[in-house]
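For reference, run.csv (CSV, C-alpha atoms):
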```csv
chain,number,residue,atom,x,y,z
J,1,MET,CA,19.4,-2.1,-37.3
J,2,THR,CA,17.6,0.6,-35.4
J,3,VAL,CA,17.1,0.8,-31.7
J,4,GLY,CA,13.5,-0.1,-32.0
J,5,THR,CA,14.1,-3.4,-33.8
J,6,LEU,CA,16.6,-4.4,-31.2
J,7,LEU,CA,14.2,-3.8,-28.4
J,8,SER,CA,11.3,-5.6,-30.2
J,9,LEU,CA,13.6,-8.6,-31.0
J,10,ALA,CA,14.5,-8.7,-27.3
J,11,ILE,CA,10.9,-8.6,-26.2
J,12,GLY,CA,10.1,-11.4,-28.7
J,13,PHE,CA,12.9,-13.5,-27.4
J,14,ALA,CA,11.9,-13.0,-23.8
J,15,LEU,CA,8.2,-13.8,-24.6
J,16,VAL,CA,9.2,-17.0,-26.3
J,17,CYS,CA,11.4,-18.0,-23.3
J,18,VAL,CA,8.6,-17.3,-20.8
J,19,ILE,CA,6.0,-19.2,-22.9
J,20,LEU,CA,8.4,-22.2,-23.1
J,21,ALA,CA,8.9,-22.0,-19.4
J,22,MET,CA,5.1,-22.1,-18.9
J,23,MET,CA,5.0,-25.2,-21.1
J,24,LEU,CA,7.6,-26.9,-19.0
J,25,CYS,CA,5.7,-26.0,-15.8
J,26,THR,CA,2.5,-27.5,-17.3
J,27,VAL,CA,4.4,-30.7,-18.1
J,28,ARG,CA,5.6,-30.9,-14.5
J,29,LEU,CA,2.0,-30.1,-13.4
J,30,LEU,CA,0.7,-33.0,-15.4
J,31,ILE,CA,3.4,-35.7,-14.7
J,32,GLY,CA,4.3,-34.6,-11.2
J,33,PRO,CA,4.5,-37.8,-9.1
J,34,SER,CA,3.3,-36.2,-5.9
J,35,ALA,CA,0.9,-33.5,-4.8
J,36,HIS,CA,3.5,-31.1,-3.6
J,37,ASP,CA,5.3,-31.3,-7.0
J,38,ARG,CA,2.1,-30.2,-8.6
J,39,VAL,CA,1.6,-27.3,-6.1
J,40,LEU,CA,5.2,-26.2,-6.8
J,41,ALA,CA,4.6,-26.3,-10.5
J,42,LEU,CA,1.4,-24.3,-10.1
J,43,ASP,CA,3.2,-21.7,-8.1
J,44,THR,CA,5.9,-21.3,-10.8
J,45,LEU,CA,3.1,-21.1,-13.4
J,46,TRP,CA,1.6,-18.2,-11.6
J,47,MET,CA,4.9,-16.4,-11.5
J,48,CYS,CA,5.5,-17.0,-15.2
J,49,THR,CA,2.0,-15.7,-16.0
J,50,MET,CA,2.9,-12.5,-14.0
J,51,LEU,CA,6.1,-12.1,-16.0
J,52,LEU,CA,4.1,-12.7,-19.2
J,53,ALA,CA,1.7,-9.9,-18.3
J,54,LEU,CA,4.6,-7.5,-17.6
J,55,MET,CA,6.2,-8.3,-20.9
J,56,LEU,CA,3.0,-7.8,-22.8
J,57,GLY,CA,2.8,-4.4,-21.1
J,58,ILE,CA,6.2,-3.5,-22.5
J,59,ARG,CA,5.3,-5.0,-25.9
J,60,PHE,CA,2.1,-3.0,-26.3
J,61,GLY,CA,3.3,0.0,-24.4
J,62,SER,CA,0.4,0.0,-22.0
J,63,GLN,CA,0.3,0.5,-18.2
J,64,ILE,CA,-2.9,-1.5,-17.8
J,65,TYR,CA,-0.9,-4.7,-17.7
J,66,PHE,CA,0.8,-3.6,-14.5
J,67,GLU,CA,-2.4,-3.9,-12.5
J,68,ALA,CA,-3.1,-7.3,-14.0
J,69,ALA,CA,0.4,-8.4,-13.0
J,70,LEU,CA,-0.1,-7.2,-9.5
J,71,ILE,CA,-3.4,-9.0,-9.1
J,72,ILE,CA,-1.9,-12.2,-10.6
J,73,ALA,CA,0.9,-12.0,-8.0
J,74,VAL,CA,-1.5,-11.6,-5.1
J,75,LEU,CA,-3.8,-14.3,-6.3
J,76,GLY,CA,-0.9,-16.7,-6.9
J,77,PHE,CA,0.4,-16.2,-3.4
J,78,VAL,CA,-3.0,-16.7,-1.7
J,79,SER,CA,-3.9,-19.8,-3.7
J,80,THR,CA,-0.5,-21.5,-3.2
J,81,ILE,CA,-0.7,-20.8,0.6
J,82,ALA,CA,-4.2,-22.3,0.6
J,83,LEU,CA,-3.1,-25.4,-1.2
J,84,ALA,CA,0.0,-25.9,1.0
J,85,LYS,CA,-2.1,-25.5,4.1
J,86,PHE,CA,-4.6,-28.0,2.7
J,87,MET,CA,-1.9,-30.5,2.1
J,88,MET,CA,-0.8,-30.3,5.7
J,89,ARG,CA,-4.2,-30.2,7.4
J,90,GLY,CA,-7.1,-31.1,5.1
J,91,GLU,CA,-6.5,-34.4,3.4
J,92,VAL,CA,-4.5,-36.1,6.1
J,93,ILE,CA,-7.1,-35.9,8.9
J,94,GLU,CA,-9.6,-37.6,6.6
R,95,MET,CA,6.8,0.9,-33.4
R,96,THR,CA,7.5,4.7,-33.6
R,97,ALA,CA,7.6,4.9,-29.8
R,98,LEU,CA,10.3,2.3,-29.7
R,99,ASP,CA,12.5,4.1,-32.2
R,100,ALA,CA,12.3,7.3,-30.2
R,101,MET,CA,14.2,5.7,-27.3
R,102,PRO,CA,17.8,6.7,-26.6
R,103,TRP,CA,20.2,3.9,-27.4
R,104,TRP,CA,21.5,3.3,-23.9
R,105,ALA,CA,18.0,2.8,-22.5
R,106,ALA,CA,17.0,0.4,-25.3
R,107,LEU,CA,20.3,-1.5,-24.8
R,108,THR,CA,19.8,-1.8,-21.1
R,109,ALA,CA,16.1,-2.9,-21.4
R,110,SER,CA,17.0,-5.4,-24.1
R,111,PHE,CA,19.8,-7.0,-22.1
R,112,LEU,CA,17.6,-7.2,-19.0
R,113,LEU,CA,14.7,-8.7,-20.9
R,114,VAL,CA,16.9,-11.4,-22.6
R,115,LEU,CA,18.6,-12.2,-19.3
R,116,GLY,CA,15.3,-12.4,-17.4
R,117,GLY,CA,13.7,-14.6,-20.1
R,118,LEU,CA,16.7,-17.0,-20.1
R,119,ILE,CA,16.8,-17.2,-16.2
R,120,THR,CA,13.1,-17.9,-16.2
R,121,LEU,CA,13.5,-20.7,-18.7
R,122,ILE,CA,16.5,-22.2,-16.8
R,123,GLY,CA,14.5,-22.2,-13.6
R,124,THR,CA,11.7,-24.2,-15.1
R,125,VAL,CA,14.1,-26.5,-16.9
R,126,GLY,CA,15.4,-27.3,-13.4
R,127,LEU,CA,11.8,-27.9,-12.2
R,128,LEU,CA,11.4,-30.4,-15.0
R,129,ARG,CA,14.8,-32.0,-15.1
R,130,LEU,CA,15.9,-32.6,-11.5
R,131,LYS,CA,15.2,-36.0,-10.0
R,132,THR,CA,13.9,-35.5,-6.4
R,133,PHE,CA,11.4,-33.0,-5.0
R,134,TYR,CA,13.9,-31.6,-2.6
R,135,GLN,CA,16.1,-30.6,-5.5
R,136,ARG,CA,13.3,-29.4,-7.6
R,137,ILE,CA,12.2,-26.8,-5.1
R,138,HIS,CA,15.5,-24.9,-5.8
R,139,GLY,CA,14.8,-24.5,-9.5
R,140,PRO,CA,11.9,-22.0,-9.4
R,141,ALA,CA,13.7,-19.9,-6.8
R,142,ILE,CA,15.9,-18.4,-9.5
R,143,THR,CA,12.9,-17.7,-11.6
R,144,ILE,CA,11.2,-15.8,-8.8
R,145,THR,CA,14.2,-13.8,-7.7
R,146,LEU,CA,16.5,-13.0,-10.6
R,147,GLY,CA,14.0,-13.5,-13.5
R,148,THR,CA,11.3,-11.3,-11.9
R,149,GLY,CA,13.9,-8.8,-10.8
R,150,CYS,CA,15.4,-8.4,-14.3
R,151,ILE,CA,12.0,-8.0,-16.1
R,152,LEU,CA,10.7,-5.6,-13.5
R,153,ILE,CA,13.8,-3.4,-13.9
R,154,ALA,CA,13.5,-3.6,-17.7
R,155,SER,CA,9.8,-2.5,-17.4
R,156,MET,CA,10.8,0.4,-15.2
R,157,VAL,CA,13.5,1.6,-17.6
R,158,TYR,CA,11.2,1.3,-20.6
R,159,PHE,CA,8.3,3.2,-19.1
R,160,THR,CA,10.4,5.8,-17.5
R,161,VAL,CA,12.1,6.6,-20.8
R,162,THR,CA,9.1,6.4,-23.1
R,163,GLN,CA,6.8,8.4,-20.8
R,164,SER,CA,9.6,10.8,-19.8
R,165,ARG,CA,8.6,10.7,-16.1
R,166,LEU,CA,9.6,8.5,-13.2
R,167,VAL,CA,7.6,5.2,-13.3
R,168,ILE,CA,8.6,3.1,-10.3
R,169,HIS,CA,5.4,1.4,-9.4
R,170,GLU,CA,6.9,-2.0,-10.4
R,171,ILE,CA,8.8,-1.7,-7.1
R,172,LEU,CA,5.5,-2.7,-5.4
R,173,ILE,CA,5.4,-6.1,-7.3
R,174,ALA,CA,9.1,-6.6,-6.4
R,175,ALA,CA,8.5,-5.9,-2.7
R,176,PHE,CA,5.5,-8.1,-2.7
R,177,VAL,CA,7.2,-11.0,-4.4
R,178,LEU,CA,10.3,-10.8,-2.3
R,179,MET,CA,8.2,-10.8,0.9
R,180,THR,CA,5.8,-13.7,-0.2
R,181,ALA,CA,8.1,-16.1,-2.1
R,182,PRO,CA,10.0,-17.2,1.1
R,183,VAL,CA,6.7,-18.0,2.8
R,184,VAL,CA,5.5,-20.0,-0.1
R,185,SER,CA,8.7,-22.1,-0.5
R,186,MET,CA,8.8,-22.7,3.3
R,187,LEU,CA,5.2,-23.9,3.4
R,188,ILE,CA,5.6,-26.2,0.4
R,189,MET,CA,8.7,-27.7,1.9
R,190,ARG,CA,7.0,-28.3,5.2
R,191,ALA,CA,4.0,-29.8,3.5
R,192,ALA,CA,6.3,-32.2,1.5
R,193,LEU,CA,8.2,-33.3,4.6
R,194,TYR,CA,4.9,-33.8,6.5
R,195,ARG,CA,3.4,-35.8,3.7
R,196,ASN,CA,6.5,-38.0,3.3
R,197,GLN,CA,6.5,-38.7,7.0
R,198,TYR,CA,2.8,-39.5,6.9
R,199,ASP,CA,3.2,-41.9,4.0
R,200,SER,CA,6.0,-43.8,5.7
R,201,ARG,CA,4.1,-44.0,9.0
R,202,VAL,CA,0.9,-45.3,7.3
R,203,VAL,CA,3.0,-48.0,5.6
R,204,SER,CA,4.5,-49.0,9.0
R,205,ALA,CA,1.1,-48.9,10.7
R,206,ARG,CA,-0.4,-51.1,8.0
R,207,SER,CA,2.1,-53.8,8.7
R,208,VAL,CA,1.0,-53.9,12.3
R,209,PRO,CA,-1.5,-56.7,12.6
R,210,ASN,CA,-3.5,-55.1,15.5
R,211,PRO,CA,-6.0,-52.7,14.0
R,212,GLU,CA,-6.4,-50.8,17.2
R,213,GLN,CA,-2.8,-49.9,17.2
R,214,GLU,CA,-3.2,-48.7,13.7
R,215,LEU,CA,-5.9,-46.3,14.8
R,216,VAL,CA,-3.7,-45.0,17.6
R,217,GLU,CA,-0.9,-44.5,15.1
R,218,ARG,CA,-3.2,-42.5,12.9
R,219,GLY,CA,-4.8,-40.6,15.7
R,220,ALA,CA,-1.4,-39.5,16.9
R,221,LEU,CA,-0.8,-37.8,13.6
R,222,GLN,CA,-1.4,-34.2,14.6
R,223,PRO,CA,0.5,-31.9,12.2
R,224,GLU,CA,2.2,-30.0,15.0
R,225,ARG,CA,3.2,-33.0,17.1
R,226,SER,CA,4.6,-35.0,14.3
R,227,PHE,CA,6.5,-32.0,13.1
R,228,ALA,CA,8.3,-31.4,16.3
R,229,GLY,CA,9.9,-34.8,15.6
R,230,ASP,CA,12.9,-35.5,13.6
R,231,PRO,CA,12.3,-34.9,10.0
R,232,VAL,CA,15.9,-35.1,9.0
R,233,ASN,CA,16.4,-38.7,10.2
R,234,ALA,CA,13.0,-39.7,8.7
R,235,HIS,CA,14.1,-38.3,5.4
R,236,GLU,CA,17.6,-39.8,5.5
R,237,GLY,CA,16.3,-43.1,6.6
R,238,ARG,CA,14.0,-43.2,3.6
R,239,THR,CA,16.5,-42.3,0.9
R,240,SER,CA,19.7,-43.8,2.3
R,241,PRO,CA,19.4,-47.1,0.3
R,242,ARG,CA,19.5,-45.2,-2.9
R,243,SER,CA,22.3,-42.7,-2.3
V,244,MET,CA,0.9,10.1,19.5
V,245,LYS,CA,1.8,6.6,20.5
V,246,ARG,CA,-1.9,5.7,20.6
V,247,TRP,CA,-2.8,6.8,17.1
V,248,LEU,CA,0.5,6.0,15.4
V,249,PRO,CA,1.8,2.8,17.0
V,250,SER,CA,4.5,2.4,14.4
V,251,PRO,CA,5.4,5.6,12.4
V,252,LYS,CA,7.7,3.7,10.0
V,253,LEU,CA,4.8,1.4,9.0
V,254,SER,CA,2.5,4.3,8.5
V,255,VAL,CA,5.0,6.1,6.3
V,256,ALA,CA,5.5,2.9,4.3
V,257,LEU,CA,1.7,2.5,3.8
V,258,LEU,CA,1.4,6.2,2.7
V,259,LEU,CA,4.3,5.8,0.2
V,260,MET,CA,2.8,2.5,-1.1
V,261,TRP,CA,-0.5,4.3,-1.8
V,262,LEU,CA,1.1,7.2,-3.6
V,263,VAL,CA,3.3,4.9,-5.7
V,264,LEU,CA,0.3,2.7,-6.6
V,265,ASN,CA,-1.7,5.7,-7.7
V,266,GLN,CA,1.3,7.4,-9.4
V,267,SER,CA,0.3,10.9,-8.4
V,268,LEU,CA,1.1,13.5,-5.8
V,269,GLU,CA,-2.3,15.2,-5.7
V,270,PRO,CA,-3.7,16.3,-2.4
V,271,ALA,CA,-6.6,13.9,-2.6
V,272,HIS,CA,-4.2,10.9,-2.8
V,273,TRP,CA,-2.2,12.3,0.2
V,274,LEU,CA,-5.5,12.5,2.1
V,275,LEU,CA,-6.6,8.9,1.3
V,276,GLY,CA,-3.2,7.6,1.9
V,277,GLY,CA,-3.0,9.4,5.2
V,278,VAL,CA,-6.3,7.8,6.3
V,279,LEU,CA,-4.9,4.4,5.2
V,280,ALA,CA,-1.7,5.0,7.1
V,281,ILE,CA,-3.5,5.7,10.3
V,282,VAL,CA,-6.3,3.2,10.1
V,283,GLY,CA,-4.3,0.3,8.7
V,284,PRO,CA,-1.8,-0.2,11.7
V,285,LEU,CA,-4.6,0.4,14.2
V,286,LEU,CA,-6.8,-2.4,12.6
V,287,ALA,CA,-3.8,-4.7,12.2
V,288,ARG,CA,-2.6,-4.3,15.8
V,289,PRO,CA,-4.4,-7.4,17.1
V,290,LEU,CA,-2.7,-9.4,14.4
V,291,GLN,CA,0.7,-8.7,15.8
V,292,PRO,CA,1.4,-10.9,18.7
V,293,HIS,CA,5.0,-9.7,19.2
V,294,GLY,CA,4.4,-6.0,18.8
V,295,TYR,CA,6.2,-4.0,16.2
V,296,GLY,CA,9.9,-4.6,15.6
V,297,TYR,CA,12.4,-2.1,16.7
V,298,ILE,CA,15.3,-1.4,14.3
V,299,ALA,CA,18.3,-0.4,16.4
V,300,ARG,CA,20.8,0.3,13.6
V,301,LEU,CA,19.5,1.3,10.2
V,302,PRO,CA,23.0,1.4,8.5
V,303,ALA,CA,23.6,-2.2,9.6
V,304,LEU,CA,20.3,-3.2,8.0
V,305,VAL,CA,21.1,-1.4,4.7
V,306,ARG,CA,24.5,-3.1,4.6
V,307,LEU,CA,22.9,-6.5,5.3
V,308,LEU,CA,20.4,-6.1,2.5
V,309,GLY,CA,23.1,-5.0,0.1
V,310,MET,CA,25.2,-8.0,0.9
V,311,ALA,CA,22.1,-10.3,0.5
V,312,THR,CA,21.3,-8.8,-2.9
V,313,VAL,CA,24.8,-9.5,-4.2
V,314,GLU,CA,24.6,-13.0,-2.7
V,315,ILE,CA,21.2,-13.6,-4.4
V,316,VAL,CA,22.6,-12.7,-7.8
V,317,ARG,CA,25.7,-14.8,-7.3
V,318,SER,CA,23.9,-17.9,-6.1
V,319,SER,CA,21.3,-17.5,-8.9
V,320,PHE,CA,24.1,-18.0,-11.4
V,321,ASN,CA,25.6,-20.9,-9.5
V,322,VAL,CA,22.2,-22.7,-9.3
V,323,SER,CA,21.5,-22.1,-13.0
V,324,GLN,CA,25.0,-23.4,-13.9
V,325,ILE,CA,24.3,-26.6,-11.8
V,326,ILE,CA,20.9,-27.0,-13.5
V,327,LEU,CA,22.3,-26.7,-17.0
V,328,PHE,CA,25.6,-28.6,-16.7
V,329,ARG,CA,25.4,-31.2,-13.9
V,330,ARG,CA,23.7,-34.5,-13.7
V,331,SER,CA,20.9,-34.6,-11.0
V,332,GLU,CA,22.5,-37.6,-9.3
V,333,GLY,CA,25.8,-35.8,-8.8
V,334,VAL,CA,24.3,-32.9,-6.9
V,335,ASN,CA,24.6,-33.4,-3.1
V,336,SER,CA,21.4,-32.1,-1.7
V,337,GLN,CA,21.3,-32.4,2.0
V,338,PHE,CA,19.5,-31.2,5.2
V,339,ILE,CA,21.8,-29.5,7.6
V,340,ARG,CA,21.3,-28.1,11.1
V,341,ILE,CA,22.6,-24.8,12.3
V,342,PRO,CA,22.4,-23.8,16.0
V,343,LEU,CA,21.2,-20.3,16.3
V,344,ASP,CA,21.8,-17.6,19.0
V,345,LEU,CA,19.2,-15.3,17.6
V,346,ARG,CA,16.0,-15.1,19.7
V,347,SER,CA,14.1,-12.0,18.5
V,348,PRO,CA,11.0,-13.1,16.4
V,349,HIS,CA,11.4,-10.2,14.0
V,350,GLY,CA,15.1,-11.1,13.5
V,351,LEU,CA,14.2,-14.7,12.9
V,352,ALA,CA,11.6,-13.6,10.3
V,353,LEU,CA,14.1,-11.5,8.5
V,354,LEU,CA,16.7,-14.3,8.6
V,355,SER,CA,14.2,-16.8,7.1
V,356,CYS,CA,13.2,-14.3,4.3
V,357,LEU,CA,16.8,-13.7,3.4
V,358,ILE,CA,17.8,-17.4,3.4
V,359,ASN,CA,14.7,-18.5,1.5
V,360,THR,CA,15.1,-15.8,-1.1
V,361,THR,CA,18.6,-16.8,-1.8
V,362,PRO,CA,18.4,-19.6,-4.4
V,363,GLY,CA,20.0,-22.9,-3.3
V,364,THR,CA,18.9,-22.8,0.3
V,365,VAL,CA,15.4,-23.3,1.8
V,366,TRP,CA,14.6,-22.8,5.5
V,367,VAL,CA,12.6,-25.8,6.5
V,368,ASP,CA,11.9,-25.4,10.2
V,369,LEU,CA,13.1,-24.1,13.5
V,370,LEU,CA,13.4,-27.0,16.0
V,371,PRO,CA,12.1,-25.1,19.0
V,372,GLU,CA,13.4,-27.3,21.8
V,373,ARG,CA,17.1,-26.9,20.8
V,374,HIS,CA,16.9,-23.7,18.8
V,375,GLU,CA,18.4,-25.3,15.8
V,376,LEU,CA,17.6,-24.2,12.3
V,377,LEU,CA,16.8,-27.0,9.8
V,378,LEU,CA,18.1,-25.9,6.4
V,379,HIS,CA,18.0,-27.7,3.0
V,380,VAL,CA,21.0,-26.9,0.8
V,381,PHE,CA,20.9,-27.6,-3.0
V,382,ASP,CA,24.6,-28.4,-3.5
V,383,LEU,CA,26.4,-29.1,-0.2
V,384,HIS,CA,30.1,-29.3,-0.4
V,385,ASP,CA,31.2,-28.5,3.2
V,386,GLU,CA,28.8,-28.4,6.1
V,387,ARG,CA,31.2,-26.5,8.4
V,388,TRP,CA,31.5,-23.8,5.8
V,389,TRP,CA,27.7,-23.3,5.5
V,390,VAL,CA,27.3,-23.1,9.3
V,391,GLU,CA,30.1,-20.6,9.5
V,392,THR,CA,28.7,-18.5,6.6
V,393,ILE,CA,25.1,-18.4,8.0
V,394,LYS,CA,26.3,-17.5,11.5
V,395,THR,CA,28.9,-14.8,10.7
V,396,ARG,CA,27.4,-13.2,7.5
V,397,TYR,CA,23.7,-13.4,8.3
V,398,GLU,CA,23.1,-14.0,12.0
V,399,GLN,CA,25.6,-11.5,13.5
V,400,PRO,CA,24.4,-8.5,11.5
V,401,ILE,CA,20.7,-9.4,12.3
V,402,ILE,CA,21.6,-9.6,16.0
V,403,GLU,CA,23.3,-6.2,15.6
V,404,VAL,CA,20.2,-4.8,13.9
V,405,PHE,CA,17.5,-6.0,16.2
V,406,GLU,CA,19.0,-6.8,19.5
V,407,ALA,CA,21.2,-3.9,20.2
V,408,PRO,CA,20.2,-2.1,23.5
V,409,ALA,CA,17.5,0.5,22.8
V,410,PRO,CA,18.3,4.2,23.5
V,411,PRO,CA,16.5,5.2,26.7
V,412,GLY,CA,14.1,7.7,25.1
V,413,GLN,CA,12.5,5.3,22.8
V,414,GLY,CA,11.4,2.6,25.2
V,415,GLY,CA,12.3,-0.4,23.0
V,416,GLN,CA,9.2,-2.3,22.3
V,417,SER,CA,10.4,-5.4,20.4
```
I'd like the structure from this file rewritten - as structure tokens, please.
Amino acid sequence: MTVGTLLSLAIGFALVCVILAMMLCTVRLLIGPSAHDRVLALDTLWMCTMLLALMLGIRFGSQIYFEAALIIAVLGFVSTIALAKFMMRGEVIE
Amino acid sequence: MTALDAMPWWAALTASFLLVLGGLITLIGTVGLLRLKTFYQRIHGPAITITLGTGCILIASMVYFTVTQSRLVIHEILIAAFVLMTAPVVSMLIMRAALYRNQYDSRVVSARSVPNPEQELVERGALQPERSFAGDPVNAHEGRTSPRS
Amino acid sequence: MKRWLPSPKLSVALLLMWLVLNQSLEPAHWLLGGVLAIVGPLLARPLQPHGYGYIARLPALVRLLGMATVEIVRSSFNVSQIILFRRSEGVNSQFIRIPLDLRSPHGLALLSCLINTTPGTVWVDLLPERHELLLHVFDLHDERWWVETIKTRYEQPIIEVFEAPAPPGQGGQS
């Protein structure tokens, strides 16, 4: 077994793990009994998407994915903050 | 895959170990998100995904690109710094929103049981987020869950 | 100097961020990063109600961050062990209160970041009238132990970092 096959096996394993994690997040997003459960699941889904972009960067050996990951992290933060603020202020005042 | 074979063995071993560990930690965090029973327990599951999972994969990416491009590639540190600075804010805000909404639900239920509709309006009008939050969320929470535990 | 560079450390951090983001050391990037480092803090000054923080002891901060990193890794493995091998009903998740002596807003921000980043604990709120910290702990075994740990291992070093008396030349601004 060469070094390259070891690394590509590891990348494949990690990709499968992260995709499974995204599926579990989606399940929690769909069944989540309350709104804050769904926001938490959505935030975790953003994080997993960022990790997926980073791993695809390693897999294809390209640096373009880094910028995608940075933008996904920033957008995830902003959208989660907006949703959490909305849960505290928006809906309850009616 | 010729670029992969050109790597020295120690770098490939480190990167593989970190990738496998990061993938496993990510998966365990979301298993916790799905498996735990109450929301207050579930919020601790993704925390390990965000800290250790992200950290492992970022370090693996740094090692890989530094070795394959034979120059120092450390711009993943920016993502790490950003995530470490923003993740606490996110979890704190979600926790506060959950506490506030739980209090709101229990107060609306108690206000509905009051026959006087004017009093119900007063109860609802008193629900400013800041004011209700200065109250006692601990006792509200414990009072709600104590019959079960 | 003070007027154009209200916080030299922040300016240096912005310049470094720009250079790392562009991954080059060419003069053009130094120039753009320098403009960003000067304009950014000036524009963001109205957004800082408490002024810029003053770090009195840098070694204490480094030691604190190193300790926090070790703690994060250790409690990550603890939390993953609980998630994998324990039943959800058997986990004793509780809110606890910790009285705080720390008053500096920057110190409180750093403390909340460190506590929230460590898996297993979430900072919920600071009860302002009594200066108590409301904390949610994933697996509580001993409340006294938690209060002791937070106070001695996190709060004391942060007080040491932020609230030490400023040397006379600097005119402490925190």
Discussion item. Based on only C-alpha atoms, which of the residues in chain V come within 12 Å of chain J? I want them as a count of residues only.
Written reply: 3
Can you write out as a tab-separated table which residues of chain R fall within 7 Å of chain J, alongside each residue's closest atom pair and its distance in Å to one decimal, counting all atoms listed in the file and ordering rows by chain and ascending residue number?
```
residue	atom	partner	partner_atom	distance
R:Met95	CA	J:Gly4	CA	6.9
R:Leu98	CA	J:Gly4	CA	4.6
R:Asp99	CA	J:Gly4	CA	4.3
R:Trp103	CA	J:Val3	CA	6.1
R:Ala106	CA	J:Leu7	CA	5.9
R:Ser110	CA	J:Ala10	CA	5.2
R:Leu113	CA	J:Ala14	CA	5.9
R:Val114	CA	J:Ala14	CA	5.4
R:Gly117	CA	J:Ala14	CA	4.4
R:Leu118	CA	J:Cys17	CA	6.3
R:Thr120	CA	J:Val18	CA	6.5
R:Leu121	CA	J:Ala21	CA	4.8
R:Thr124	CA	J:Ala21	CA	5.6
R:Val125	CA	J:Leu24	CA	6.8
R:Leu128	CA	J:Arg28	CA	5.8
R:Phe133	CA	J:Asp37	CA	6.6
R:Pro140	CA	J:Thr44	CA	6.2
R:Ile144	CA	J:Met47	CA	6.9
R:Thr148	CA	J:Leu51	CA	6.7
R:Ser155	CA	J:Ile58	CA	6.3
R:Ile173	CA	J:Leu70	CA	6.0
R:Thr180	CA	J:Phe77	CA	6.8
R:Val184	CA	J:Ile81	CA	6.3
R:Leu187	CA	J:Ala84	CA	6.1
R:Ile188	CA	J:Ala84	CA	5.6
R:Ala191	CA	J:Met88	CA	5.3
R:Ala192	CA	J:His36	CA	5.9
R:Tyr194	CA	J:Met88	CA	6.7
R:Pro223	CA	J:Met88	CA	6.8
```
Enumerate, in order of chain and increasing residue number, the residues of chain V with an atom no farther than 6 Å from chain R, each with its shortest atom pair and distance in Å to one decimal, counting all atoms listed in the file, as JSON lines.
```
{"residue": "V:Val263", "atom": "CA", "partner": "R:His169", "partner_atom": "CA", "distance": 5.5}
{"residue": "V:Leu264", "atom": "CA", "partner": "R:His169", "partner_atom": "CA", "distance": 6.0}
{"residue": "V:Ser319", "atom": "CA", "partner": "R:Ile142", "partner_atom": "CA", "distance": 5.5}
{"residue": "V:Ile326", "atom": "CA", "partner": "R:Gly126", "partner_atom": "CA", "distance": 5.5}
{"residue": "V:Ser331", "atom": "CA", "partner": "R:Leu130", "partner_atom": "CA", "distance": 5.4}
{"residue": "V:Cys356", "atom": "CA", "partner": "R:Pro182", "partner_atom": "CA", "distance": 5.4}
{"residue": "V:Asn359", "atom": "CA", "partner": "R:Pro182", "partner_atom": "CA", "distance": 4.9}
{"residue": "V:Thr360", "atom": "CA", "partner": "R:Pro182", "partner_atom": "CA", "distance": 5.7}
{"residue": "V:Pro362", "atom": "CA", "partner": "R:Ala141", "partner_atom": "CA", "distance": 5.3}
{"residue": "V:Gly363", "atom": "CA", "partner": "R:His138", "partner_atom": "CA", "distance": 5.5}
{"residue": "V:Val367", "atom": "CA", "partner": "R:Met186", "partner_atom": "CA", "distance": 5.9}
```
Item to complete: Tell me, in Å to one decimal, how far CA of Leu253 (chain V) is from CA of Leu354 (chain V).
Response: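 If I compute the distance from CA of Leu253 (chain V) to CA of Leu354 (chain V), I get 19.7 Å.
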Worksheet item: Suppose you want the space between CA of Leu56 (chain J) and CA of Ser79 (chain J); what is it in Å?
Response: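 A separation of 23.6 Å between them.
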Worksheet item: So what do you get for CA of Ala174 (chain R) versus CA of Ile153 (chain R), distance-wise?
Response: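 One can read the CA of Ala174 (chain R) to CA of Ile153 (chain R) distance as 9.4 Å.
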Item to complete: Return the single residue from V:Glu406, V:Glu314, V:Glu269, V:Glu375 that is closest to His349 (chain V), with distances computed using only C-alpha atoms.
Response: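 Going through V:Glu406, V:Glu314, V:Glu269, V:Glu375 one by one, the smallest distance to His349 (chain V) is for V:Glu406.
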Worksheet item: Any idea what's packed within 12 Å of Val282 (chain V), counting all atoms listed in the file, ignoring anything in its chain fewer than 3 positions away? Could you give it as a ChimeraX atom specification?
Response: /V:246-250,253-254,257-258,275-279,285-288
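Closest approach to Ala256 (chain V) among R:Tyr198, R:Phe111, R:Val161, R:Ala175 is made by R:Ala175 (distances from only C-alpha atoms).
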Discussion item. Nearest residue to Ile358 (chain V) out of V:Arg346, V:Lys394, V:His384, V:His272, using only C-alpha atoms?
Written reply: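 Nearest to Ile358 (chain V): V:Lys394.
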